[in-house]
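Comments concern the structure below.
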Amino acid sequence: MHAIDTTPKKSRQSTYILLAMLLGIVAGYVCNKMAATPEEAKSIASYFAMLTDIFLRLIKMIIAPLIFATLVSGLINMGDAKTVGRIGGRAIGWFLMASLMSLSIGLVLANLLQPGGSLSIPLPDVNAAVDLKTSSLNLRDFLTHVFPRNIFEAMAGNEILQIVVFSVFFGLALGNVRHIKAADTLATTIEGAVPVMLKVTGYVMLFAPLGVFAAIANVVTTQGLGVLMVYGKVMGGFYTALLVLWAVLIGLAYLVLKNKVFPLLSAVRDPMILGFSTASSEAAYPRVMEALKRLGISERVIGFVLPLGYSFNLDGSMIYTTFAALFVAQAYNIPMDLGTQITMLLVLMVSSKGIAGVPRSALVVVAAVMPMFNLPEAGVLLIMGIDVFLDMGRTATNVLGNSIATAVIAKWENAYDDQDSIAEMEADGAPAIAPEAA
């Protein structure tokens with residue numbers, strides 16, 4: 001079992017982020033009330049959006065080199081392609097199980113709670129245009145897109161899965177020729193880049209409270225708090241579904257990790273808050289990596305499973321797709337029998353694997369799949385106004401799901417309690433999470 005050494009520095013960061021969220025709500029509410037028109041509210045919000053964009057740009061700046069350095073560094077010492085295949089197979093198996101479970105929970109609770117029933121707002125015309133790029137949603141293009149045609153292009157676009165593919169080839173090749181002096185120098189250089197990138201990450205995350213404040217203030221300024229009352233049943237139902245999913249994920253994690261699940265949850269609390277407040281999984285990625293490493297999870301597992309999960313293991317987005325699709329069906333009073341719902345669940349499961357990196361990806365999946373089941377695509381207009389609030393919850397859930405997946409795979413690989421990872425984090429000045437004395 002692990003005991004968390006809670007340092008003042010860590011607790012201050014968490015406190016600052018929570019305070020920033022509260023201040024963002026207050027500032028956004030005041031600005032929303034001061035604005036005479038919706039256009040004026042959007043103009044005011046654009047200044048908050050500028051701060052958020054700057055913070056997210058800083059995050060995007062470090063994602064590609066951080067993934068490349070950590071993944072290659074881990075693969076250099078992993079051994080062979082057989083080990084990579086075993087870890088990858090276990091990870092994909094867990095991801096598919098978690099996706100099916102997430103979709104099923106969304107389906108069950110949407111039927112039980114009936115969020116679209118007796119909706120007291122006008123319904124969009126079924127022929128209304130929806131400005132979402134759904135044409136790119138197909139498995140063939142996704143599988144082709146997985147493989148980079150230019151690694152620099154992939155890094156410039158923060159194409160996580162493409163970076164992973166190149167890094168796997170590069171890391172395995174470098175590990176196999178490390179006996180050559182020049183190759184060993186290159187390997188040592190890349191390994192040395194990891195603590196540097198973690199330090200850069202620490203500098204960037206100092207701006208997290210400011211980014212959180214601006215993100216929350218931007219949303220509240222444009223949307224106001226009144227929208228939460230209008231869509232209270234929908235949001236309440238969705239967050240209830242997320243809580244059920246959390247309980248199931250944590251329960252499954254406990255079966256594998258036993259008491260280690262509790263320090264894991266404590267360690268990823270801050271990344272989840274950051275992901276929730278910014279509605280950006282990328283913003284939370286560096287913090288998740290640091291938290292897992294402090295727990296003693298091997299860097300080779302983190303570097304491989306975590307970025308893979310960011311492309312395939314979107315538990316929060318999965319539950320959202322079934323919940324949103326059934327919400328639209330209920331709002332338009334379109335009956336769907338159980339067989340049709342199960343078929344839609346399976347279609348959503350396959351379709352969702354092709355939208356990693358697509359903006360507003362969960363909405364894109366819903367809009368693309370609904371016409372297949374005679375549901376009006378315009379129905380997504382019902383939830384676009386509150387999508388940012390729903391996105392916060394599903395982003396936090398994605399962070400939790402990927403953290404659990406990485407920890408579980410590490411446990412299966414006997415790569416938990418890695419003393420080298422703990423010692424390296426301590427050397428970098430990060431708070432330690434060391435095993436308790438028996």
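Residues in the structure tokens are numbered from 1 in each chain, the chains being A, B, ... in the order shown, and ligands are numbered from 1 in the order shown.
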Neighbour list for A:Ile273 as a ChimeraX atom specification, cut-off 8 Å, only C-alpha atoms, skip fewer than 5 positions in-chain: /A:17-18,396
Could the residues in this selection be written to a file with C-alpha atoms, as a compact mmCIF listing (two decimals), in the first residue's frame?
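Everything below was put into out05.txt:
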# COMPACT_ATOMS: atom_id res chain seq x y z
CA ILE A 17 -7.30 25.69 -8.97
CA LEU A 18 -10.45 25.33 -6.87
CA ALA A 396 -12.68 14.36 -15.99
Helix (DSSP H, G or I) call set, DSSP backbone run, stretch 13-244 of chain A, as a ChimeraX atom specification: /A:13-34,38-76,81-113,139-145,151-156,160-176,181-205,208-223,226-230,232-244
Sorted per-residue table, stretch 362-414 of chain A near stretch 251-262 of chain A, closest atoms and distance, 10 Å, only C-alpha atoms, as a tab-separated table:
residue	atom	partner	partner_atom	distance
A:Gly401	CA	A:Ala253	CA	9.8
A:Ile404	CA	A:Ala253	CA	6.5
A:Ala405	CA	A:Ala253	CA	8.2
A:Ala407	CA	A:Leu257	CA	7.9
A:Val408	CA	A:Val256	CA	6.5
A:Ile409	CA	A:Val256	CA	9.4
A:Ala410	CA	A:Leu257	CA	9.8
A:Lys411	CA	A:Leu257	CA	7.0
A:Trp412	CA	A:Val256	CA	8.2
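With only C-alpha atoms as the atoms that count, the minimum distance from A:Leu225 to the choices A:Ser298, A:Phe389, A:Leu58, A:Phe238 is reached by A:Phe389.
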Long-range neighbours of A:Asn218 as number ranges by chain, 6 Å cut-off, only C-alpha atoms, 6 positions minimum in chain: A: 45, 48-49
Store the residues of this selection in a file with N, CA and C atoms, as a PDB file, in the first residue's frame.
ATOM      1  N   ALA A  45     -16.385  37.870 -23.251  1.00  0.00           N
ATOM      2  CA  ALA A  45     -15.859  36.524 -23.047  1.00  0.00           C
ATOM      3  C   ALA A  45     -14.627  36.254 -23.896  1.00  0.00           C
ATOM      4  N   PHE A  48     -11.473  36.532 -21.936  1.00  0.00           N
ATOM      5  CA  PHE A  48     -11.210  35.340 -21.120  1.00  0.00           C
ATOM      6  C   PHE A  48     -10.718  34.197 -22.005  1.00  0.00           C
ATOM      7  N   ALA A  49     -11.349  34.066 -23.181  1.00  0.00           N
ATOM      8  CA  ALA A  49     -10.967  33.001 -24.100  1.00  0.00           C
ATOM      9  C   ALA A  49      -9.510  33.143 -24.536  1.00  0.00           C
TER      10      ALA A  49
END
Spatial neighbours of A:Thr406, max dist 12 Å, only C-alpha atoms, sep filter under 6 positions, as a PyMOL selection string: chain A and resi 87-88+90-92+94-95+253+256-257+261+264+268+288-289+291-293+295-310+313+399-400+412-413+415-416
Residues from last step as file, C-alpha atoms, as a JSON list (two decimals), in the first residue's frame:
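Below is the file that was written, selection13.json:
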[["chain", "number", "residue", "atom", "x", "y", "z"],
["A", 87, "ILE", "CA", 1.27, -4.65, -23.18],
["A", 88, "GLY", "CA", -0.58, -3.25, -26.19],
["A", 90, "ARG", "CA", -3.75, -6.03, -22.67],
["A", 91, "ALA", "CA", -4.36, -2.30, -22.99],
["A", 92, "ILE", "CA", -6.67, -2.64, -26.02],
["A", 94, "TRP", "CA", -9.16, -3.24, -21.23],
["A", 95, "PHE", "CA", -10.12, -0.27, -23.42],
["A", 253, "ALA", "CA", -9.69, -1.30, -10.39],
["A", 256, "VAL", "CA", -6.83, -5.75, -9.60],
["A", 257, "LEU", "CA", -5.07, -3.12, -7.49],
["A", 261, "VAL", "CA", -6.59, 2.06, -5.75],
["A", 264, "LEU", "CA", -4.25, 6.24, -7.12],
["A", 268, "VAL", "CA", -5.15, 11.81, -9.94],
["A", 288, "VAL", "CA", -1.56, 12.51, -15.03],
["A", 289, "MET", "CA", 1.85, 11.32, -16.19],
["A", 291, "ALA", "CA", 0.99, 11.54, -10.74],
["A", 292, "LEU", "CA", 1.31, 7.98, -12.05],
["A", 293, "LYS", "CA", 5.07, 8.16, -11.98],
["A", 295, "LEU", "CA", 2.96, 6.29, -7.53],
["A", 296, "GLY", "CA", 5.84, 4.12, -8.70],
["A", 297, "ILE", "CA", 4.33, 3.02, -12.01],
["A", 298, "SER", "CA", 7.03, 2.24, -14.55],
["A", 299, "GLU", "CA", 7.71, 4.95, -17.07],
["A", 300, "ARG", "CA", 7.71, 2.44, -19.93],
["A", 301, "VAL", "CA", 4.10, 1.48, -19.15],
["A", 302, "ILE", "CA", 2.96, 5.07, -18.62],
["A", 303, "GLY", "CA", 4.61, 6.27, -21.81],
["A", 304, "PHE", "CA", 2.96, 3.55, -23.89],
["A", 305, "VAL", "CA", -0.49, 2.97, -22.35],
["A", 306, "LEU", "CA", -1.44, 6.55, -21.44],
["A", 307, "PRO", "CA", -1.15, 8.12, -24.93],
["A", 308, "LEU", "CA", -2.81, 5.02, -26.39],
["A", 309, "GLY", "CA", -5.68, 5.52, -23.95],
["A", 310, "TYR", "CA", -6.07, 9.14, -25.03],
["A", 313, "ASN", "CA", -10.13, 4.85, -24.02],
["A", 399, "VAL", "CA", -8.76, 11.26, -17.14],
["A", 400, "LEU", "CA", -9.93, 8.85, -14.44],
["A", 412, "TRP", "CA", -0.42, -6.99, -14.64],
["A", 413, "GLU", "CA", 3.08, -6.29, -15.99],
["A", 415, "ALA", "CA", 5.59, -2.64, -13.24],
["A", 416, "TYR", "CA", 3.99, -1.08, -10.15]]
